[in-house]
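> structure29.txt is reproduced in full below (compact mmCIF, N, CA and C atoms).
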# COMPACT_ATOMS: atom_id res chain seq x y z
N MET O 25 95.24 -118.52 -142.27
CA MET O 25 95.86 -117.23 -142.02
C MET O 25 97.09 -116.99 -142.89
N GLY O 26 97.47 -117.96 -143.67
CA GLY O 26 98.71 -117.86 -144.42
C GLY O 26 98.61 -117.12 -145.73
N ILE O 27 99.74 -116.99 -146.39
CA ILE O 27 99.85 -116.17 -147.60
C ILE O 27 99.07 -116.72 -148.78
N THR O 28 98.72 -117.98 -148.77
CA THR O 28 97.99 -118.55 -149.91
C THR O 28 96.48 -118.53 -149.70
N SER O 29 96.02 -117.97 -148.60
CA SER O 29 94.58 -117.90 -148.32
C SER O 29 94.02 -116.53 -148.71
N PRO O 30 93.12 -116.48 -149.67
CA PRO O 30 92.50 -115.20 -150.04
C PRO O 30 91.70 -114.56 -148.90
N ASP O 31 91.34 -115.32 -147.89
CA ASP O 31 90.58 -114.82 -146.73
C ASP O 31 91.47 -114.55 -145.53
N SER O 32 92.76 -114.54 -145.70
CA SER O 32 93.68 -114.51 -144.56
C SER O 32 93.45 -113.34 -143.61
N THR O 33 93.25 -112.14 -144.13
CA THR O 33 93.10 -110.99 -143.24
C THR O 33 91.80 -111.09 -142.44
N ARG O 34 90.73 -111.51 -143.07
CA ARG O 34 89.47 -111.69 -142.35
C ARG O 34 89.64 -112.67 -141.20
N VAL O 35 90.34 -113.78 -141.45
CA VAL O 35 90.57 -114.79 -140.43
C VAL O 35 91.50 -114.27 -139.33
N GLN O 36 92.55 -113.56 -139.71
CA GLN O 36 93.48 -113.01 -138.73
C GLN O 36 92.76 -112.01 -137.82
N ILE O 37 91.94 -111.17 -138.39
CA ILE O 37 91.24 -110.17 -137.58
C ILE O 37 90.18 -110.83 -136.71
N ALA O 38 89.52 -111.86 -137.21
CA ALA O 38 88.56 -112.60 -136.37
C ALA O 38 89.27 -113.19 -135.16
N CYS O 39 90.45 -113.72 -135.35
CA CYS O 39 91.23 -114.27 -134.24
C CYS O 39 91.60 -113.17 -133.25
N ALA O 40 92.05 -112.03 -133.76
CA ALA O 40 92.40 -110.90 -132.89
C ALA O 40 91.17 -110.41 -132.12
N LEU O 41 90.03 -110.38 -132.76
CA LEU O 41 88.80 -109.96 -132.09
C LEU O 41 88.41 -110.93 -130.99
N ASP O 42 88.62 -112.22 -131.22
CA ASP O 42 88.36 -113.21 -130.17
C ASP O 42 89.24 -112.94 -128.95
N VAL O 43 90.50 -112.63 -129.19
CA VAL O 43 91.42 -112.31 -128.09
C VAL O 43 90.95 -111.06 -127.36
N LEU O 44 90.62 -110.02 -128.11
CA LEU O 44 90.17 -108.76 -127.50
C LEU O 44 88.92 -108.98 -126.65
N ARG O 45 87.99 -109.76 -127.15
CA ARG O 45 86.74 -110.01 -126.42
C ARG O 45 86.96 -110.85 -125.17
N SER O 46 88.03 -111.63 -125.14
CA SER O 46 88.29 -112.50 -123.98
C SER O 46 88.95 -111.76 -122.82
N LEU O 47 89.41 -110.55 -123.05
CA LEU O 47 90.14 -109.79 -122.04
C LEU O 47 89.27 -108.69 -121.45
N ASP O 48 89.57 -108.34 -120.22
CA ASP O 48 88.95 -107.18 -119.60
C ASP O 48 89.34 -105.95 -120.42
N ARG O 49 88.40 -105.04 -120.59
CA ARG O 49 88.65 -103.84 -121.42
C ARG O 49 89.82 -103.00 -120.93
N LYS O 50 90.12 -103.06 -119.66
CA LYS O 50 91.21 -102.24 -119.11
C LYS O 50 92.56 -102.94 -119.11
N GLN O 51 92.56 -104.22 -119.44
CA GLN O 51 93.83 -104.96 -119.48
C GLN O 51 94.66 -104.48 -120.66
N LYS O 52 95.93 -104.20 -120.40
CA LYS O 52 96.82 -103.78 -121.48
C LYS O 52 97.12 -104.97 -122.39
N LEU O 53 97.34 -104.65 -123.65
CA LEU O 53 97.55 -105.70 -124.64
C LEU O 53 98.53 -105.21 -125.69
N PHE O 54 99.49 -106.05 -126.04
CA PHE O 54 100.34 -105.83 -127.20
C PHE O 54 99.85 -106.81 -128.25
N LEU O 55 99.36 -106.29 -129.36
CA LEU O 55 98.82 -107.13 -130.43
C LEU O 55 99.67 -106.93 -131.68
N PHE O 56 100.25 -108.00 -132.16
CA PHE O 56 101.06 -107.95 -133.38
C PHE O 56 100.35 -108.76 -134.45
N LEU O 57 100.08 -108.14 -135.58
CA LEU O 57 99.50 -108.84 -136.72
C LEU O 57 100.45 -108.72 -137.90
N ASN O 58 100.84 -109.83 -138.45
CA ASN O 58 101.61 -109.84 -139.68
C ASN O 58 100.61 -110.15 -140.79
N ILE O 59 100.14 -109.13 -141.46
CA ILE O 59 99.08 -109.27 -142.46
C ILE O 59 99.64 -109.98 -143.69
N SER O 60 99.31 -111.24 -143.81
CA SER O 60 99.90 -112.09 -144.85
C SER O 60 99.38 -111.79 -146.25
N ALA O 61 98.24 -111.12 -146.36
CA ALA O 61 97.64 -110.88 -147.68
C ALA O 61 98.53 -110.00 -148.56
N LEU O 62 99.40 -109.23 -147.96
CA LEU O 62 100.23 -108.33 -148.76
C LEU O 62 101.50 -109.00 -149.28
N HIS O 63 101.71 -110.21 -148.85
CA HIS O 63 102.88 -110.97 -149.32
C HIS O 63 102.50 -111.72 -150.59
N GLN O 64 103.48 -112.06 -151.38
CA GLN O 64 103.22 -112.89 -152.55
C GLN O 64 102.91 -114.32 -152.11
N PRO O 65 102.03 -115.03 -152.74
CA PRO O 65 101.26 -114.66 -153.92
C PRO O 65 100.07 -113.78 -153.55
N ASN O 66 99.72 -112.90 -154.47
CA ASN O 66 98.54 -112.07 -154.27
C ASN O 66 97.71 -111.91 -155.54
N PHE O 67 98.05 -112.66 -156.58
CA PHE O 67 97.34 -112.56 -157.85
C PHE O 67 95.85 -112.81 -157.70
N PHE O 68 95.46 -113.66 -156.74
CA PHE O 68 94.06 -114.05 -156.61
C PHE O 68 93.16 -112.92 -156.10
N TYR O 69 93.73 -111.81 -155.69
CA TYR O 69 92.91 -110.66 -155.32
C TYR O 69 92.48 -109.86 -156.54
N LEU O 70 93.06 -110.17 -157.67
CA LEU O 70 92.73 -109.46 -158.91
C LEU O 70 92.12 -110.40 -159.94
N ASP O 71 92.78 -111.54 -160.15
CA ASP O 71 92.28 -112.52 -161.12
C ASP O 71 92.92 -113.87 -160.81
N LYS O 72 92.71 -114.82 -161.63
CA LYS O 72 93.24 -116.17 -161.38
C LYS O 72 94.41 -116.49 -162.33
N SER O 73 95.11 -115.46 -162.80
CA SER O 73 96.16 -115.65 -163.80
C SER O 73 97.36 -116.42 -163.28
N GLY O 74 97.56 -116.41 -161.96
CA GLY O 74 98.74 -117.06 -161.39
C GLY O 74 99.96 -116.18 -161.41
N LYS O 75 99.82 -114.93 -161.85
CA LYS O 75 100.96 -114.02 -161.92
C LYS O 75 100.71 -112.81 -161.03
N ASP O 76 101.63 -112.60 -160.08
CA ASP O 76 101.55 -111.42 -159.23
C ASP O 76 101.99 -110.19 -160.03
N SER O 77 101.40 -109.07 -159.70
CA SER O 77 101.74 -107.82 -160.37
C SER O 77 101.53 -106.68 -159.39
N LEU O 78 101.97 -105.50 -159.78
CA LEU O 78 101.72 -104.33 -158.95
C LEU O 78 100.21 -104.13 -158.79
N GLU O 79 99.45 -104.41 -159.82
CA GLU O 79 97.99 -104.26 -159.73
C GLU O 79 97.37 -105.27 -158.77
N SER O 80 97.87 -106.51 -158.76
CA SER O 80 97.31 -107.49 -157.81
C SER O 80 97.74 -107.14 -156.38
N HIS O 81 98.92 -106.55 -156.23
CA HIS O 81 99.36 -106.09 -154.92
C HIS O 81 98.44 -104.97 -154.42
N LYS O 82 98.09 -104.05 -155.31
CA LYS O 82 97.15 -102.98 -154.95
C LYS O 82 95.79 -103.56 -154.57
N ALA O 83 95.35 -104.59 -155.29
CA ALA O 83 94.07 -105.24 -154.98
C ALA O 83 94.13 -105.90 -153.61
N ALA O 84 95.27 -106.50 -153.27
CA ALA O 84 95.44 -107.11 -151.95
C ALA O 84 95.38 -106.03 -150.86
N LEU O 85 95.99 -104.90 -151.12
CA LEU O 85 95.96 -103.80 -150.16
C LEU O 85 94.53 -103.28 -149.96
N ARG O 86 93.77 -103.19 -151.05
CA ARG O 86 92.36 -102.77 -150.92
C ARG O 86 91.58 -103.78 -150.09
N TYR O 87 91.84 -105.07 -150.30
CA TYR O 87 91.19 -106.11 -149.49
C TYR O 87 91.55 -105.93 -148.01
N VAL O 88 92.82 -105.76 -147.71
CA VAL O 88 93.25 -105.58 -146.32
C VAL O 88 92.55 -104.36 -145.71
N ASP O 89 92.56 -103.25 -146.42
CA ASP O 89 91.91 -102.03 -145.92
C ASP O 89 90.43 -102.29 -145.62
N SER O 90 89.79 -103.11 -146.43
CA SER O 90 88.35 -103.37 -146.24
C SER O 90 88.08 -104.20 -144.99
N GLN O 91 89.10 -104.81 -144.42
CA GLN O 91 88.93 -105.69 -143.26
C GLN O 91 89.26 -105.03 -141.93
N LEU O 92 89.87 -103.87 -141.93
CA LEU O 92 90.42 -103.28 -140.71
C LEU O 92 89.39 -102.60 -139.80
N ASN O 93 88.28 -102.18 -140.32
CA ASN O 93 87.34 -101.38 -139.54
C ASN O 93 86.90 -102.06 -138.25
N ASP O 94 86.51 -103.33 -138.30
CA ASP O 94 86.05 -104.02 -137.09
C ASP O 94 87.14 -104.08 -136.02
N LEU O 95 88.38 -104.31 -136.45
CA LEU O 95 89.49 -104.36 -135.49
C LEU O 95 89.71 -103.00 -134.85
N PHE O 96 89.75 -101.95 -135.65
CA PHE O 96 89.96 -100.62 -135.11
C PHE O 96 88.83 -100.23 -134.16
N GLN O 97 87.59 -100.54 -134.52
CA GLN O 97 86.47 -100.23 -133.63
C GLN O 97 86.58 -100.98 -132.31
N ALA O 98 86.94 -102.25 -132.35
CA ALA O 98 87.07 -103.04 -131.12
C ALA O 98 88.20 -102.49 -130.24
N MET O 99 89.28 -102.05 -130.86
CA MET O 99 90.38 -101.50 -130.08
C MET O 99 89.97 -100.19 -129.44
N GLN O 100 89.18 -99.39 -130.11
CA GLN O 100 88.73 -98.12 -129.56
C GLN O 100 87.78 -98.29 -128.37
N MET O 101 87.17 -99.43 -128.23
CA MET O 101 86.26 -99.69 -127.12
C MET O 101 87.03 -100.03 -125.84
N ARG O 102 88.33 -100.21 -125.94
CA ARG O 102 89.14 -100.59 -124.78
C ARG O 102 89.77 -99.38 -124.11
N ASN O 103 90.67 -98.75 -124.78
CA ASN O 103 91.46 -97.63 -124.27
C ASN O 103 91.97 -96.87 -125.49
N PRO O 104 92.54 -95.68 -125.27
CA PRO O 104 93.27 -95.09 -126.39
C PRO O 104 94.33 -96.10 -126.84
N THR O 105 94.46 -96.28 -128.12
CA THR O 105 95.34 -97.33 -128.65
C THR O 105 96.40 -96.72 -129.55
N PHE O 106 97.65 -97.02 -129.25
CA PHE O 106 98.76 -96.60 -130.09
C PHE O 106 98.99 -97.66 -131.15
N CYS O 107 98.96 -97.27 -132.41
CA CYS O 107 99.13 -98.20 -133.53
C CYS O 107 100.40 -97.86 -134.32
N ILE O 108 101.09 -98.88 -134.71
CA ILE O 108 102.21 -98.76 -135.65
C ILE O 108 101.86 -99.66 -136.83
N VAL O 109 101.87 -99.09 -138.01
CA VAL O 109 101.58 -99.84 -139.22
C VAL O 109 102.80 -99.72 -140.13
N CYS O 110 103.37 -100.86 -140.48
CA CYS O 110 104.54 -100.84 -141.35
C CYS O 110 104.64 -102.17 -142.09
N SER O 111 105.61 -102.27 -142.91
CA SER O 111 105.85 -103.49 -143.67
C SER O 111 107.21 -104.04 -143.30
N ASP O 112 107.39 -105.34 -143.52
CA ASP O 112 108.71 -105.91 -143.27
C ASP O 112 109.62 -105.76 -144.48
N HIS O 113 109.04 -105.59 -145.65
CA HIS O 113 109.80 -105.35 -146.88
C HIS O 113 108.85 -104.95 -147.99
N GLY O 114 109.41 -104.37 -149.03
CA GLY O 114 108.64 -104.07 -150.23
C GLY O 114 108.80 -105.21 -151.22
N THR O 115 108.30 -104.99 -152.42
CA THR O 115 108.37 -106.01 -153.47
C THR O 115 108.68 -105.32 -154.80
N ALA O 116 109.60 -105.90 -155.55
CA ALA O 116 109.91 -105.40 -156.88
C ALA O 116 108.96 -106.05 -157.89
N PHE O 117 108.44 -105.25 -158.79
CA PHE O 117 107.60 -105.74 -159.88
C PHE O 117 108.21 -105.27 -161.19
N GLY O 118 109.30 -105.90 -161.56
CA GLY O 118 109.99 -105.55 -162.79
C GLY O 118 111.03 -104.45 -162.64
N ASP O 119 111.19 -103.95 -161.43
CA ASP O 119 112.17 -102.89 -161.19
C ASP O 119 113.58 -103.42 -161.49
N HIS O 120 114.28 -102.73 -162.37
CA HIS O 120 115.64 -103.12 -162.77
C HIS O 120 115.67 -104.58 -163.23
N GLY O 121 114.54 -105.07 -163.75
CA GLY O 121 114.48 -106.44 -164.26
C GLY O 121 114.22 -107.50 -163.19
N TYR O 122 113.90 -107.10 -161.96
CA TYR O 122 113.70 -108.06 -160.87
C TYR O 122 112.24 -108.09 -160.42
N ASP O 123 111.83 -109.26 -159.98
CA ASP O 123 110.53 -109.45 -159.34
C ASP O 123 110.77 -110.12 -157.99
N GLY O 124 110.00 -109.69 -156.98
CA GLY O 124 110.09 -110.31 -155.66
C GLY O 124 110.73 -109.39 -154.65
N HIS O 125 111.21 -110.00 -153.56
CA HIS O 125 111.76 -109.19 -152.47
C HIS O 125 113.11 -109.68 -151.97
N ARG O 126 113.71 -110.57 -152.64
CA ARG O 126 115.03 -111.06 -152.21
C ARG O 126 116.15 -110.40 -153.01
N ILE O 127 116.08 -109.06 -153.06
CA ILE O 127 117.06 -108.29 -153.81
C ILE O 127 117.23 -106.94 -153.11
N GLY O 128 118.42 -106.39 -153.13
CA GLY O 128 118.71 -105.14 -152.45
C GLY O 128 118.36 -103.91 -153.28
N LEU O 129 117.10 -103.70 -153.53
CA LEU O 129 116.64 -102.52 -154.25
C LEU O 129 115.87 -101.60 -153.31
N ASP O 130 115.85 -100.31 -153.63
CA ASP O 130 115.11 -99.36 -152.81
C ASP O 130 113.65 -99.75 -152.66
N VAL O 131 113.02 -100.29 -153.71
CA VAL O 131 111.60 -100.65 -153.61
C VAL O 131 111.37 -101.79 -152.63
N VAL O 132 112.41 -102.54 -152.32
CA VAL O 132 112.32 -103.62 -151.33
C VAL O 132 112.68 -103.11 -149.93
N TRP O 133 113.69 -102.29 -149.85
CA TRP O 133 114.18 -101.83 -148.55
C TRP O 133 113.38 -100.67 -147.97
N THR O 134 112.76 -99.86 -148.83
CA THR O 134 111.99 -98.71 -148.37
C THR O 134 110.55 -99.16 -148.15
N VAL O 135 110.09 -99.04 -146.92
CA VAL O 135 108.75 -99.53 -146.60
C VAL O 135 107.90 -98.42 -146.00
N PRO O 136 106.59 -98.52 -146.18
CA PRO O 136 105.71 -97.52 -145.58
C PRO O 136 105.69 -97.67 -144.07
N TYR O 137 105.45 -96.56 -143.40
CA TYR O 137 105.38 -96.54 -141.93
C TYR O 137 104.39 -95.45 -141.52
N ALA O 138 103.57 -95.78 -140.56
CA ALA O 138 102.68 -94.79 -139.96
C ALA O 138 102.49 -95.14 -138.50
N ASP O 139 102.37 -94.13 -137.67
CA ASP O 139 101.97 -94.37 -136.29
C ASP O 139 100.88 -93.35 -135.95
N PHE O 140 99.93 -93.80 -135.12
CA PHE O 140 98.80 -92.95 -134.79
C PHE O 140 98.10 -93.53 -133.56
N PHE O 141 97.30 -92.69 -132.93
CA PHE O 141 96.46 -93.12 -131.82
C PHE O 141 95.02 -93.28 -132.30
N LEU O 142 94.39 -94.36 -131.89
CA LEU O 142 92.96 -94.51 -132.04
C LEU O 142 92.35 -94.03 -130.72
N PRO O 143 91.48 -93.03 -130.76
CA PRO O 143 90.93 -92.52 -129.50
C PRO O 143 89.95 -93.51 -128.87
N PHE O 144 89.85 -93.43 -127.58
CA PHE O 144 88.88 -94.22 -126.82
C PHE O 144 87.49 -93.67 -127.12
N LEU O 145 86.55 -94.57 -127.42
CA LEU O 145 85.16 -94.11 -127.70
C LEU O 145 84.31 -94.18 -126.46
Could you express the structure from this file as structure tokens?

Amino acid sequence: MGITSPDSTRVQIACALDVLRSLDRKQKLFLFLNISALHQPNFFYLDKSGKDSLESHKAALRYVDSQLNDLFQAMQMRNPTFCIVCSDHGTAFGDHGYDGHRIGLDVVWTVPYADFFLPFL
């Protein structure tokens, strides 16, 4: 499930699905997933160069997006579900000469955020 596993999101969602299946459909649940695939390193989602880039980050995001459908469908089978999707930080890819996330730049501090309801099916 860690950041160095190219299959991390698939494994994380499989674990979440196991938890969902073990509970009564009406039982309330707070589920927190820290999707590790979006953290560095992520070069392996694009190639084996060993160098992270904005393009490999985009490839990691495409991989994550490809894994979410089963989780969202399982959540919709329970109850209406309130979702919050956000990041803990951004990443600089050459911005002002910096790479990574341990720097006080807007690209690191400004993170995407969305909230939405998944309707009950």
> Apply DSSP to the backbone of this structure and, from chain O, keep only the residues in alpha helix (DSSP H); write these as a count of residues only.
42
> Excluding stretch 26-42 of chain O and any residue of its chain fewer than 3 positions from it, enumerate the residues within 7 Å of it, using only N, CA and C atoms, and give them as a list of chain:residue names.
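The residues that qualify are O:Arg45, O:Ser46, O:Leu47, O:Ile59, O:Ser60, O:Ala61, O:Leu62, O:His63, O:Gln64, O:Pro65, O:Asn66, O:Phe68, O:Tyr69, O:Val88, O:Gln91, O:Leu95.
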> For the atom pair atom C of O:Pro143 and atom C of O:Phe106, what is the interatomic distance in Å to one decimal place?
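Atom C of O:Pro143 sits 10.2 Å away from atom C of O:Phe106.
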> Residues near O:Ser80, anyone? I mean within 7 Å using only C-alpha atoms, not counting same-chain ones fewer than 3 positions away, as a ChimeraX atom specification.
/O:66-67,69-70,76-77,83-84
> Would you output that residue set with N, CA and C atoms, as a PDB file, in the coordinates of the input?

ATOM      1  N   ASN O  66      99.720-112.900-154.470  1.00  0.00           N
ATOM      2  CA  ASN O  66      98.540-112.070-154.270  1.00  0.00           C
ATOM      3  C   ASN O  66      97.710-111.910-155.540  1.00  0.00           C
ATOM      4  N   PHE O  67      98.050-112.660-156.580  1.00  0.00           N
ATOM      5  CA  PHE O  67      97.340-112.560-157.850  1.00  0.00           C
ATOM      6  C   PHE O  67      95.850-112.810-157.700  1.00  0.00           C
ATOM      7  N   TYR O  69      93.730-111.810-155.690  1.00  0.00           N
ATOM      8  CA  TYR O  69      92.910-110.660-155.320  1.00  0.00           C
ATOM      9  C   TYR O  69      92.480-109.860-156.540  1.00  0.00           C
ATOM     10  N   LEU O  70      93.060-110.170-157.670  1.00  0.00           N
ATOM     11  CA  LEU O  70      92.730-109.460-158.910  1.00  0.00           C
ATOM     12  C   LEU O  70      92.120-110.400-159.940  1.00  0.00           C
ATOM     13  N   ASP O  76     101.630-112.600-160.080  1.00  0.00           N
ATOM     14  CA  ASP O  76     101.550-111.420-159.230  1.00  0.00           C
ATOM     15  C   ASP O  76     101.990-110.190-160.030  1.00  0.00           C
ATOM     16  N   SER O  77     101.400-109.070-159.700  1.00  0.00           N
ATOM     17  CA  SER O  77     101.740-107.820-160.370  1.00  0.00           C
ATOM     18  C   SER O  77     101.530-106.680-159.390  1.00  0.00           C
ATOM     19  N   ALA O  83      95.350-104.590-155.290  1.00  0.00           N
ATOM     20  CA  ALA O  83      94.070-105.240-154.980  1.00  0.00           C
ATOM     21  C   ALA O  83      94.130-105.900-153.610  1.00  0.00           C
ATOM     22  N   ALA O  84      95.270-106.500-153.270  1.00  0.00           N
ATOM     23  CA  ALA O  84      95.440-107.110-151.950  1.00  0.00           C
ATOM     24  C   ALA O  84      95.380-106.030-150.860  1.00  0.00           C
TER      25      ALA O  84
END
> With distances taken over only C-alpha atoms, which of O:Ser73, O:Asn103, O:Ser90, O:Gln97 is nearest to O:Lys52?
O:Asn103
> Work out how far atom CA of O:Lys72 is from atom CA of O:His113, in Å to one decimal.
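Interatomic distance, atom CA of O:His113 to atom CA of O:Lys72: 24.5 Å.
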> With only N, CA and C atoms as the atoms that count, which of O:Thr115, O:Asn58, O:Gln51, O:Thr105 lies nearest to O:Thr134?
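Selected residue with least distance to O:Thr134: O:Thr115.
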> Give, as JSON, the centre coordinates and the x, y and z edge lengths in Å to one decimal for an axis-aligned box around all listed atoms of stretch 136-141 of chain O, padded by 6 Å on each side.

{"center_x": 100.8, "center_y": -95.6, "center_z": -139.0, "size_x": 23.6, "size_y": 17.8, "size_z": 26.4}
> Using only C-alpha atoms, pick whichever of O:Leu78, O:Leu44, O:Met25, O:Leu55 has the shortest atom-to-atom distance to O:Gly124.
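Checking each candidate against O:Gly124, we get O:Leu78 as the closest.
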> Using DSSP on the backbone, list every residue of stretch 36-134 of chain O that comes out as strand (DSSP E or B), and give them as a list of chain:residue names.
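Answer for stretch 36-134 of chain O restricted to strand (DSSP E or B) is O:Thr105, O:Phe106, O:Cys107, O:Ile108, O:Val109, O:Cys110, O:Ala116, O:Phe117, O:Gly118, O:Asp119, O:Tyr122, O:Asp123, O:Gly124.
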> Find the residues around O:Pro104 up to 10 Å (only C-alpha atoms counted), leave out those fewer than 4 positions away in its own chain, and share them as number ranges by chain.
O: 99-100, 141-145
> What is the atom C of O:Gly114-atom N of O:Ile127 distance in Å, reported with one decimal?
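Value for the atom C of O:Gly114-atom N of O:Ile127 distance: 8.4 Å.
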> Pick from O:Arg102, O:Lys50, O:Val131, O:Leu57: nearest to O:Ala116, with only N, CA and C atoms counted?
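Under the stated criterion, the closest residue is O:Val131.
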> With distances taken over only C-alpha atoms, which residue among O:Ile108, O:Asp89, O:Gly121, O:Lys75 lies nearest O:Ala138?
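Between O:Ile108, O:Asp89, O:Gly121, O:Lys75, the residue approaching O:Ala138 most closely is O:Ile108.
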> Find the residue from O:Asp123, O:Asp139, O:Glu79, O:Asp94 that sits nearest to O:Val109; use only C-alpha atoms when measuring.
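Closest to O:Val109, using only C-alpha atoms: O:Asp139.
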